[in-house]
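The structure file protein-v6.cif is reproduced below (mmCIF, C-alpha atoms).
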data_coords
loop_
_atom_site.group_PDB
_atom_site.id
_atom_site.type_symbol
_atom_site.label_atom_id
_atom_site.label_comp_id
_atom_site.auth_asym_id
_atom_site.auth_seq_id
_atom_site.Cartn_x
_atom_site.Cartn_y
_atom_site.Cartn_z
ATOM 1 C CA LEU Q 1 10.287 14.596 -8.051
ATOM 2 C CA ALA Q 2 13.881 14.924 -9.080
ATOM 3 C CA ARG Q 3 15.837 12.110 -10.673
ATOM 4 C CA GLY Q 4 19.381 10.928 -10.000
ATOM 5 C CA HIS Q 5 21.638 8.098 -11.175
ATOM 6 C CA ALA Q 6 21.978 4.470 -10.099
ATOM 7 C CA ALA Q 7 25.088 3.234 -8.320
ATOM 8 C CA ALA Q 8 26.761 -0.143 -8.764
ATOM 9 C CA PRO Q 9 25.342 -2.540 -6.143
ATOM 10 C CA ARG Q 10 27.243 -3.876 -3.146
ATOM 11 C CA ARG Q 11 25.863 -6.855 -1.266
ATOM 12 C CA SER Q 12 25.775 -7.745 2.421
ATOM 13 C CA ALA Q 13 23.852 -10.128 4.635
ATOM 14 C CA ALA Q 14 22.287 -9.762 8.052
ATOM 15 C CA ARG Q 15 19.973 -11.604 10.369
ATOM 16 C CA CYS Q 16 17.138 -9.154 10.462
ATOM 17 C CA GLY Q 17 13.429 -8.915 11.271
ATOM 18 C CA TRP Q 18 11.930 -12.382 11.366
ATOM 19 C CA GLY Q 19 15.048 -14.479 11.921
ATOM 20 C CA ASP Q 20 16.067 -15.376 8.387
ATOM 21 C CA ASP Q 21 19.362 -14.466 6.801
ATOM 22 C CA VAL Q 22 18.553 -11.599 4.458
ATOM 23 C CA GLN Q 23 20.716 -10.532 1.533
ATOM 24 C CA PHE Q 24 20.963 -6.780 1.029
ATOM 25 C CA ALA Q 25 22.211 -4.916 -2.039
ATOM 26 C CA ALA Q 26 23.190 -1.249 -2.251
ATOM 27 C CA ARG Q 27 20.725 0.721 -4.372
ATOM 28 C CA SER Q 28 20.543 4.372 -5.388
ATOM 29 C CA VAL Q 29 17.733 6.743 -4.467
ATOM 30 C CA VAL Q 30 16.710 8.475 -7.690
ATOM 31 C CA ALA Q 31 13.902 10.695 -6.365
ATOM 32 C CA VAL Q 32 12.556 11.934 -3.037
ATOM 33 C CA GLY Q 33 9.196 13.583 -2.437
ATOM 34 C CA ARG Q 34 7.123 14.616 0.566
ATOM 35 C CA VAL Q 35 3.378 14.398 1.211
ATOM 36 C CA GLY Q 36 2.345 15.506 4.680
ATOM 37 C CA PRO Q 37 4.284 13.335 7.132
ATOM 38 C CA TYR Q 38 5.276 10.792 4.464
ATOM 39 C CA THR Q 39 8.379 10.442 2.334
ATOM 40 C CA LEU Q 40 8.067 9.071 -1.203
ATOM 41 C CA LEU Q 41 11.197 7.232 -2.311
ATOM 42 C CA ARG Q 42 11.989 6.045 -5.827
ATOM 43 C CA VAL Q 43 14.866 3.586 -5.822
ATOM 44 C CA GLU Q 44 16.735 2.227 -8.841
ATOM 45 C CA ALA Q 45 16.517 -1.534 -8.252
ATOM 46 C CA PRO Q 46 16.573 -3.512 -11.516
ATOM 47 C CA GLU Q 47 17.064 -6.957 -9.958
ATOM 48 C CA GLU Q 48 14.410 -6.446 -7.300
ATOM 49 C CA ALA Q 49 11.988 -5.064 -9.897
ATOM 50 C CA LYS Q 50 12.262 -8.334 -11.833
ATOM 51 C CA GLN Q 51 11.725 -10.324 -8.619
ATOM 52 C CA TYR Q 52 8.653 -8.267 -7.685
ATOM 53 C CA THR Q 53 5.739 -10.346 -8.955
ATOM 54 C CA ALA Q 54 2.648 -9.479 -6.893
ATOM 55 C CA PRO Q 55 1.094 -6.380 -5.303
ATOM 56 C CA GLY Q 56 1.403 -6.578 -1.541
ATOM 57 C CA GLN Q 57 4.979 -7.827 -1.522
ATOM 58 C CA TYR Q 58 7.509 -5.961 0.587
ATOM 59 C CA VAL Q 59 11.236 -5.441 1.000
ATOM 60 C CA GLN Q 60 13.509 -4.746 3.920
ATOM 61 C CA MET Q 61 15.410 -1.485 3.592
ATOM 62 C CA ARG Q 62 18.103 0.077 5.752
ATOM 63 C CA MET Q 63 20.803 2.706 5.717
ATOM 64 C CA PRO Q 64 24.313 1.510 4.793
ATOM 65 C CA GLY Q 65 26.157 0.280 7.866
ATOM 66 C CA SER Q 66 22.980 -0.272 9.892
ATOM 67 C CA ASP Q 67 21.928 -3.662 11.287
ATOM 68 C CA GLU Q 68 18.276 -2.621 11.527
ATOM 69 C CA ALA Q 69 15.897 -2.519 8.566
ATOM 70 C CA ALA Q 70 12.377 -1.290 7.957
ATOM 71 C CA PHE Q 71 9.766 -3.532 6.346
ATOM 72 C CA LEU Q 72 8.269 -1.549 3.461
ATOM 73 C CA ALA Q 73 5.417 -2.527 1.153
ATOM 74 C CA ILE Q 74 6.146 -1.704 -2.477
ATOM 75 C CA ALA Q 75 3.946 1.131 -3.733
ATOM 76 C CA SER Q 76 4.579 0.774 -7.476
ATOM 77 C CA ALA Q 77 2.875 -1.867 -9.595
ATOM 78 C CA PRO Q 78 4.717 -5.019 -10.682
ATOM 79 C CA ASP Q 79 5.270 -5.125 -14.431
ATOM 80 C CA GLY Q 80 7.598 -8.046 -15.025
ATOM 81 C CA GLY Q 81 10.706 -5.896 -14.595
ATOM 82 C CA GLU Q 82 9.875 -3.504 -17.430
ATOM 83 C CA SER Q 83 10.522 -0.653 -15.006
ATOM 84 C CA THR Q 84 13.768 -0.714 -13.017
ATOM 85 C CA VAL Q 85 12.515 1.638 -10.286
ATOM 86 C CA LEU Q 86 10.558 0.671 -7.169
ATOM 87 C CA GLU Q 87 8.536 3.197 -5.161
ATOM 88 C CA PHE Q 88 7.950 3.347 -1.416
ATOM 89 C CA LEU Q 89 5.807 5.436 0.931
ATOM 90 C CA ILE Q 90 7.466 5.793 4.330
ATOM 91 C CA LYS Q 91 6.175 7.299 7.547
ATOM 92 C CA PRO Q 92 9.015 8.567 9.769
ATOM 93 C CA VAL Q 93 9.310 6.959 13.179
ATOM 94 C CA GLU Q 94 11.930 8.658 15.342
ATOM 95 C CA GLY Q 95 14.695 6.328 16.430
ATOM 96 C CA LYS Q 96 13.624 3.598 14.001
ATOM 97 C CA PRO Q 97 15.016 2.611 10.578
ATOM 98 C CA ALA Q 98 12.108 4.336 8.838
ATOM 99 C CA GLY Q 99 13.097 7.626 10.416
ATOM 100 C CA ALA Q 100 16.591 7.452 8.943
ATOM 101 C CA LEU Q 101 15.249 6.455 5.516
ATOM 102 C CA CYS Q 102 13.005 9.516 5.484
ATOM 103 C CA ALA Q 103 16.080 11.731 5.742
ATOM 104 C CA VAL Q 104 17.786 10.488 2.563
ATOM 105 C CA ALA Q 105 18.344 12.688 -0.477
ATOM 106 C CA GLU Q 106 18.502 12.078 -4.201
ATOM 107 C CA GLY Q 107 21.690 10.194 -5.044
ATOM 108 C CA ASP Q 108 22.076 8.612 -1.596
ATOM 109 C CA GLU Q 109 22.424 4.876 -1.250
ATOM 110 C CA VAL Q 110 20.195 2.563 0.724
ATOM 111 C CA GLU Q 111 20.442 -1.198 1.196
ATOM 112 C CA MET Q 112 17.522 -3.316 0.041
ATOM 113 C CA SER Q 113 16.524 -6.967 0.294
ATOM 114 C CA PRO Q 114 14.747 -8.898 -2.465
ATOM 115 C CA PRO Q 115 10.920 -8.673 -2.443
ATOM 116 C CA ALA Q 116 9.309 -11.114 -0.039
ATOM 117 C CA GLY Q 117 5.847 -12.457 0.751
ATOM 118 C CA LYS Q 118 3.139 -13.826 -1.513
ATOM 119 C CA GLY Q 119 1.389 -10.471 -1.837
ATOM 120 C CA PHE Q 120 -2.375 -10.176 -1.812
ATOM 121 C CA ALA Q 121 -2.892 -13.184 -4.128
ATOM 122 C CA LEU Q 122 -6.630 -12.487 -4.359
ATOM 123 C CA ALA Q 123 -7.335 -15.287 -6.824
ATOM 124 C CA GLN Q 124 -5.794 -17.892 -4.512
ATOM 125 C CA LYS Q 125 -7.170 -16.502 -1.270
ATOM 126 C CA LEU Q 126 -10.719 -15.797 -2.428
ATOM 127 C CA GLY Q 127 -11.135 -18.636 -4.906
ATOM 128 C CA GLY Q 128 -13.701 -18.702 -7.687
ATOM 129 C CA GLU Q 129 -13.919 -15.984 -10.300
ATOM 130 C CA PRO Q 130 -13.792 -12.212 -9.746
ATOM 131 C CA ALA Q 131 -17.337 -11.967 -11.124
ATOM 132 C CA ASP Q 132 -18.470 -14.105 -8.163
ATOM 133 C CA VAL Q 133 -17.385 -11.382 -5.687
ATOM 134 C CA PRO Q 134 -20.296 -8.881 -5.609
ATOM 135 C CA MET Q 135 -18.190 -6.200 -3.897
ATOM 136 C CA LEU Q 136 -14.490 -5.881 -3.139
ATOM 137 C CA LEU Q 137 -13.587 -3.258 -0.540
ATOM 138 C CA LEU Q 138 -10.070 -1.808 -0.344
ATOM 139 C CA LEU Q 139 -9.563 -0.329 3.125
ATOM 140 C CA SER Q 140 -6.405 1.358 4.381
ATOM 141 C CA THR Q 141 -5.001 4.022 6.636
ATOM 142 C CA GLY Q 142 -1.838 6.108 6.386
ATOM 143 C CA SER Q 143 1.017 4.473 4.502
ATOM 144 C CA GLY Q 144 -1.194 1.390 4.059
ATOM 145 C CA LEU Q 145 -2.376 3.023 0.855
ATOM 146 C CA ALA Q 146 0.962 2.099 -0.763
ATOM 147 C CA PRO Q 147 0.271 -1.592 -1.465
ATOM 148 C CA LEU Q 148 -3.341 -0.821 -2.414
ATOM 149 C CA ARG Q 149 -2.042 1.641 -4.999
ATOM 150 C CA ALA Q 150 0.101 -1.167 -6.418
ATOM 151 C CA LEU Q 151 -2.922 -3.486 -6.454
ATOM 152 C CA CYS Q 152 -5.090 -0.940 -8.285
ATOM 153 C CA LEU Q 153 -2.463 -0.005 -10.875
ATOM 154 C CA ALA Q 154 -1.226 -3.513 -11.670
ATOM 155 C CA SER Q 155 -2.786 -5.556 -14.449
ATOM 156 C CA GLN Q 156 -4.539 -8.856 -13.850
ATOM 157 C CA GLU Q 157 -1.530 -10.574 -15.442
ATOM 158 C CA HIS Q 158 0.617 -9.291 -12.588
ATOM 159 C CA GLY Q 159 -1.888 -9.950 -9.783
ATOM 160 C CA GLY Q 160 -3.612 -6.570 -9.915
ATOM 161 C CA LEU Q 161 -7.155 -5.316 -10.383
ATOM 162 C CA ARG Q 162 -6.749 -3.672 -13.790
ATOM 163 C CA GLY Q 163 -8.782 -5.791 -16.175
ATOM 164 C CA SER Q 164 -9.541 -8.375 -13.497
ATOM 165 C CA GLY Q 165 -13.335 -8.328 -13.775
ATOM 166 C CA TYR Q 166 -14.384 -7.537 -10.195
ATOM 167 C CA PRO Q 167 -17.808 -5.938 -10.714
ATOM 168 C CA ASP Q 168 -17.783 -3.447 -7.823
ATOM 169 C CA VAL Q 169 -14.547 -2.223 -6.219
ATOM 170 C CA ARG Q 170 -14.516 0.574 -3.643
ATOM 171 C CA LEU Q 171 -11.578 2.148 -1.853
ATOM 172 C CA VAL Q 172 -11.772 3.893 1.513
ATOM 173 C CA HIS Q 173 -8.537 5.401 2.784
ATOM 174 C CA GLY Q 174 -8.000 7.014 6.157
ATOM 175 C CA ALA Q 175 -6.004 10.221 6.653
ATOM 176 C CA ARG Q 176 -6.082 13.111 9.075
ATOM 177 C CA SER Q 177 -6.678 15.740 6.387
ATOM 178 C CA ALA Q 178 -6.607 16.310 2.630
ATOM 179 C CA ALA Q 179 -2.999 17.505 2.888
ATOM 180 C CA GLU Q 180 -1.939 14.076 4.166
ATOM 181 C CA ILE Q 181 -3.505 11.954 1.410
ATOM 182 C CA PRO Q 182 -0.716 10.376 -0.649
ATOM 183 C CA PHE Q 183 -0.918 9.460 -4.334
ATOM 184 C CA VAL Q 184 -3.725 11.956 -4.953
ATOM 185 C CA GLU Q 185 -3.160 12.077 -8.728
ATOM 186 C CA ASP Q 186 -3.502 8.295 -8.926
ATOM 187 C CA LEU Q 187 -6.637 8.350 -6.796
ATOM 188 C CA GLN Q 188 -8.149 11.042 -9.021
ATOM 189 C CA ARG Q 189 -7.455 9.002 -12.158
ATOM 190 C CA LEU Q 190 -8.743 5.780 -10.620
ATOM 191 C CA HIS Q 191 -11.891 7.518 -9.414
ATOM 192 C CA ALA Q 192 -12.485 9.013 -12.873
ATOM 193 C CA ALA Q 193 -12.024 5.535 -14.353
ATOM 194 C CA GLY Q 194 -14.765 4.062 -12.180
ATOM 195 C CA LEU Q 195 -13.190 3.107 -8.853
ATOM 196 C CA GLU Q 196 -15.305 4.613 -6.075
ATOM 197 C CA VAL Q 197 -12.822 6.419 -3.799
ATOM 198 C CA THR Q 198 -13.616 7.865 -0.373
ATOM 199 C CA SER Q 199 -11.252 9.593 2.034
ATOM 200 C CA ALA Q 200 -12.107 9.032 5.691
ATOM 201 C CA LEU Q 201 -10.714 12.154 7.390
ATOM 202 C CA SER Q 202 -10.231 11.929 11.140
ATOM 203 C CA THR Q 203 -9.825 15.670 11.801
ATOM 204 C CA GLU Q 204 -13.054 17.500 12.525
ATOM 205 C CA GLY Q 205 -13.993 19.815 9.671
ATOM 206 C CA ALA Q 206 -11.422 18.325 7.286
ATOM 207 C CA SER Q 207 -14.052 17.580 4.648
ATOM 208 C CA VAL Q 208 -14.987 21.263 4.304
ATOM 209 C CA ASP Q 209 -13.684 22.674 1.008
ATOM 210 C CA PHE Q 210 -12.202 19.278 0.139
ATOM 211 C CA PRO Q 211 -10.105 19.925 -2.993
ATOM 212 C CA TYR Q 212 -10.484 16.600 -4.815
ATOM 213 C CA ASP Q 213 -13.221 14.989 -6.884
ATOM 214 C CA PHE Q 214 -13.719 11.860 -4.793
ATOM 215 C CA GLY Q 215 -15.897 11.519 -1.715
ATOM 216 C CA THR Q 216 -15.191 12.179 1.954
ATOM 217 C CA PHE Q 217 -16.309 10.935 5.343
ATOM 218 C CA GLU Q 218 -15.427 12.581 8.652
ATOM 219 C CA GLY Q 219 -14.184 9.845 10.939
ATOM 220 C CA TYR Q 220 -12.302 6.583 10.647
ATOM 221 C CA VAL Q 221 -12.418 3.948 7.912
ATOM 222 C CA GLN Q 222 -14.269 1.422 10.056
ATOM 223 C CA GLU Q 223 -16.800 4.103 11.001
ATOM 224 C CA ALA Q 224 -17.389 4.905 7.328
ATOM 225 C CA ILE Q 225 -18.183 1.237 6.638
ATOM 226 C CA ALA Q 226 -20.418 1.002 9.699
ATOM 227 C CA GLU Q 227 -22.367 4.117 8.692
ATOM 228 C CA ALA Q 228 -22.855 2.839 5.135
ATOM 229 C CA GLY Q 229 -24.090 -0.374 6.724
ATOM 230 C CA ASP Q 230 -26.855 -2.255 4.983
ATOM 231 C CA ASP Q 231 -26.737 0.124 2.002
ATOM 232 C CA LEU Q 232 -23.599 -1.723 0.894
ATOM 233 C CA GLU Q 233 -25.583 -4.969 0.606
ATOM 234 C CA LEU Q 234 -22.594 -7.033 1.715
ATOM 235 C CA ASP Q 235 -22.776 -10.809 2.082
ATOM 236 C CA GLU Q 236 -20.547 -13.833 2.582
ATOM 237 C CA ASN Q 237 -19.366 -13.689 -1.041
ATOM 238 C CA CYS Q 238 -17.990 -10.159 -0.714
ATOM 239 C CA ALA Q 239 -14.403 -9.537 0.342
ATOM 240 C CA ALA Q 240 -12.133 -6.825 1.674
ATOM 241 C CA VAL Q 241 -8.435 -6.030 1.523
ATOM 242 C CA VAL Q 242 -7.600 -4.387 4.854
ATOM 243 C CA ILE Q 243 -4.276 -2.622 5.520
ATOM 244 C CA GLY Q 244 -3.834 -0.802 8.798
ATOM 245 C CA GLN Q 245 -2.726 -1.046 12.379
ATOM 246 C CA LYS Q 246 -3.888 -3.962 14.522
ATOM 247 C CA GLU Q 247 -6.677 -1.973 16.191
ATOM 248 C CA MET Q 248 -8.015 -0.734 12.854
ATOM 249 C CA PHE Q 249 -7.936 -4.243 11.386
ATOM 250 C CA GLY Q 250 -9.764 -5.715 14.376
ATOM 251 C CA GLU Q 251 -12.474 -3.050 14.456
ATOM 252 C CA THR Q 252 -12.935 -3.258 10.690
ATOM 253 C CA ALA Q 253 -13.211 -7.047 10.829
ATOM 254 C CA GLU Q 254 -15.885 -6.710 13.530
ATOM 255 C CA VAL Q 255 -17.902 -4.208 11.481
ATOM 256 C CA LEU Q 256 -17.662 -6.285 8.311
ATOM 257 C CA GLY Q 257 -18.595 -9.437 10.227
ATOM 258 C CA LYS Q 258 -21.807 -7.802 11.435
ATOM 259 C CA LEU Q 259 -22.568 -6.836 7.844
ATOM 260 C CA GLY Q 260 -22.132 -10.405 6.604
ATOM 261 C CA VAL Q 261 -18.488 -10.604 5.477
ATOM 262 C CA PRO Q 262 -16.683 -13.421 7.352
ATOM 263 C CA LYS Q 263 -13.138 -12.929 8.600
ATOM 264 C CA GLU Q 264 -11.776 -15.503 6.156
ATOM 265 C CA ARG Q 265 -12.804 -13.157 3.328
ATOM 266 C CA LEU Q 266 -10.473 -10.448 4.649
ATOM 267 C CA VAL Q 267 -7.107 -10.204 2.923
ATOM 268 C CA SER Q 268 -3.919 -8.473 4.057
ATOM 269 C CA ASN Q 269 -0.319 -8.539 2.890
ATOM 270 C CA PHE Q 270 1.342 -9.622 6.137
#
Let's see the structure in the file written out as structure tokens.
Amino acid sequence: LARGHAAAPRRSAARCGWGDDVQFAARSVVAVGRVGPYTLLRVEAPEEAKQYTAPGQYVQMRMPGSDEAAFLAIASAPDGGESTVLEFLIKPVEGKPAGALCAVAEGDEVEMSPPAGKGFALAQKLGGEPADVPMLLLLSTGSGLAPLRALCLASQEHGGLRGSGYPDVRLVHGARSAAEIPFVEDLQRLHAAGLEVTSALSTEGASVDFPYDFGTFEGYVQEAIAEAGDDLELDENCAAVVIGQKEMFGETAEVLGKLGVPKERLVSNF
């Protein structure tokens, strides 16, 4: 990834997304990368980095002069503003704001809102102590890996899993092939550090000659959980963070419910 330089911010407001007046500030793109269909953006955003307090929070981002913004989960870990750069994983959608954002280059400006949402807030949503959760599943597809990356890399102090004390955490991420798995270096490090990582690959034969150290499953995330079934020994005290499209979330909730995990123990960021 190449680095550029930050520009002085300009501010504007718009009624965007969910009906609230949103303040936007001009920010500079300092690096652009590509992984399969995804664009990785690093944006110099010192004020927003300080306001980013919990994994799972998101911003609205748009091109200068546009009235339409994309809702993007933050992929980097909150650190109290120590870093001034925020990272985003964007899937291009033709004719939508995300499509335009995927075409930016280093040094371009984008307009960004402050971080919003409460994030995953596992301690509040699950209650009790991490040690009381026998297994925590992290389940995502596509660009949904972005907020889970933030959750895994952030410290407990900043709402993350690092040092949090959950006894058994497992991540299953869905992609079409190995070439479309984002944040591979992070996944490799997390897997080596003890996080059980599995890639659910939806393309037939995609697990053959898989180039990474973590595990694979041919099929979808919800199918991987269903096949593991009773071997997971899930119960009502277990929990799952689920990030994906509506159909994936519904099917995953159904599978987990049959295995003993009630819907109220499922966490998302929206």
- Message: Here's the selection I'm unsure about, the PyMOL selection byres ((chain Q and resi 84-88) around 6); applied to the file above, which residues does it give, as a PyMOL selection string?
- Response: chain Q and resi 40-46+49+74-76+83+89
For the file shown, report as a compact mmCIF listing (two decimals) with C-alpha atoms, in the coordinates of the input the outcome of the PyMOL selection byres ((chain Q and resi 119) around 7) at residue level.
# COMPACT_ATOMS: atom_id res chain seq x y z
CA ALA Q 54 2.65 -9.48 -6.89
CA PRO Q 55 1.09 -6.38 -5.30
CA GLY Q 56 1.40 -6.58 -1.54
CA GLN Q 57 4.98 -7.83 -1.52
CA GLY Q 117 5.85 -12.46 0.75
CA LYS Q 118 3.14 -13.83 -1.51
CA PHE Q 120 -2.38 -10.18 -1.81
CA ALA Q 121 -2.89 -13.18 -4.13
CA ASN Q 269 -0.32 -8.54 2.89
- What residues come out when you apply the PyMOL selection byres ((chain Q and resi 134-145) around 7) to this file, written as a VMD selection string? chain Q and resid 89 to 91 131 to 133 146 to 149 167 to 175 237 to 244
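Taking CA of Arg34 in chain Q and CA of Ser66 in chain Q as the two end points, the separation is 23.7 Å.
Using only C-alpha atoms, the shortest contact distance between Leu187 in chain Q and any of Q:Gly165, Q:Gln23, Q:Ala69, Q:Cys152 is found at Q:Cys152.
Among the candidate residues Q:Ala103, Q:Val110, Q:Val255, Q:Leu161, the one lying nearest to Pro130 in chain Q is Q:Leu161, with distances computed using only C-alpha atoms.
With all atoms listed in the file as the atoms that count, the residue of Q:Glu264, Q:Glu94, Q:Pro115, Q:Glu48 with the shortest distance to Leu72 in chain Q is Q:Pro115.
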- Could you check which of Q:Arg176, Q:Lys96, Q:Arg62, Q:Lys125 is closest to Leu266 in chain Q, using all atoms listed in the file? Q:Lys125
Pick out the residues sitting within 8 Å of Gly80 in chain Q, and hand them over as a PDB file with C-alpha atoms, in the frame of the given file; count all atoms listed in the file, and ignore anything fewer than 2 positions along from it in its own chain.
ATOM      1  CA  ALA Q  49      11.988  -5.064  -9.897  1.00  0.00           C
ATOM      2  CA  LYS Q  50      12.262  -8.334 -11.833  1.00  0.00           C
ATOM      3  CA  GLN Q  51      11.725 -10.324  -8.619  1.00  0.00           C
ATOM      4  CA  TYR Q  52       8.653  -8.267  -7.685  1.00  0.00           C
ATOM      5  CA  THR Q  53       5.739 -10.346  -8.955  1.00  0.00           C
ATOM      6  CA  PRO Q  78       4.717  -5.019 -10.682  1.00  0.00           C
ATOM      7  CA  GLU Q  82       9.875  -3.504 -17.430  1.00  0.00           C
ATOM      8  CA  SER Q  83      10.522  -0.653 -15.006  1.00  0.00           C
ATOM      9  CA  HIS Q 158       0.617  -9.291 -12.588  1.00  0.00           C
TER      10      HIS Q 158
END
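Separating CA of Glu47 in chain Q from CA of Gly33 in chain Q is a distance of 23.2 Å.
Closest to Arg189 in chain Q among Q:Ala224, Q:Leu153, Q:Met112, Q:Val208 is Q:Leu153, based on only C-alpha atoms.
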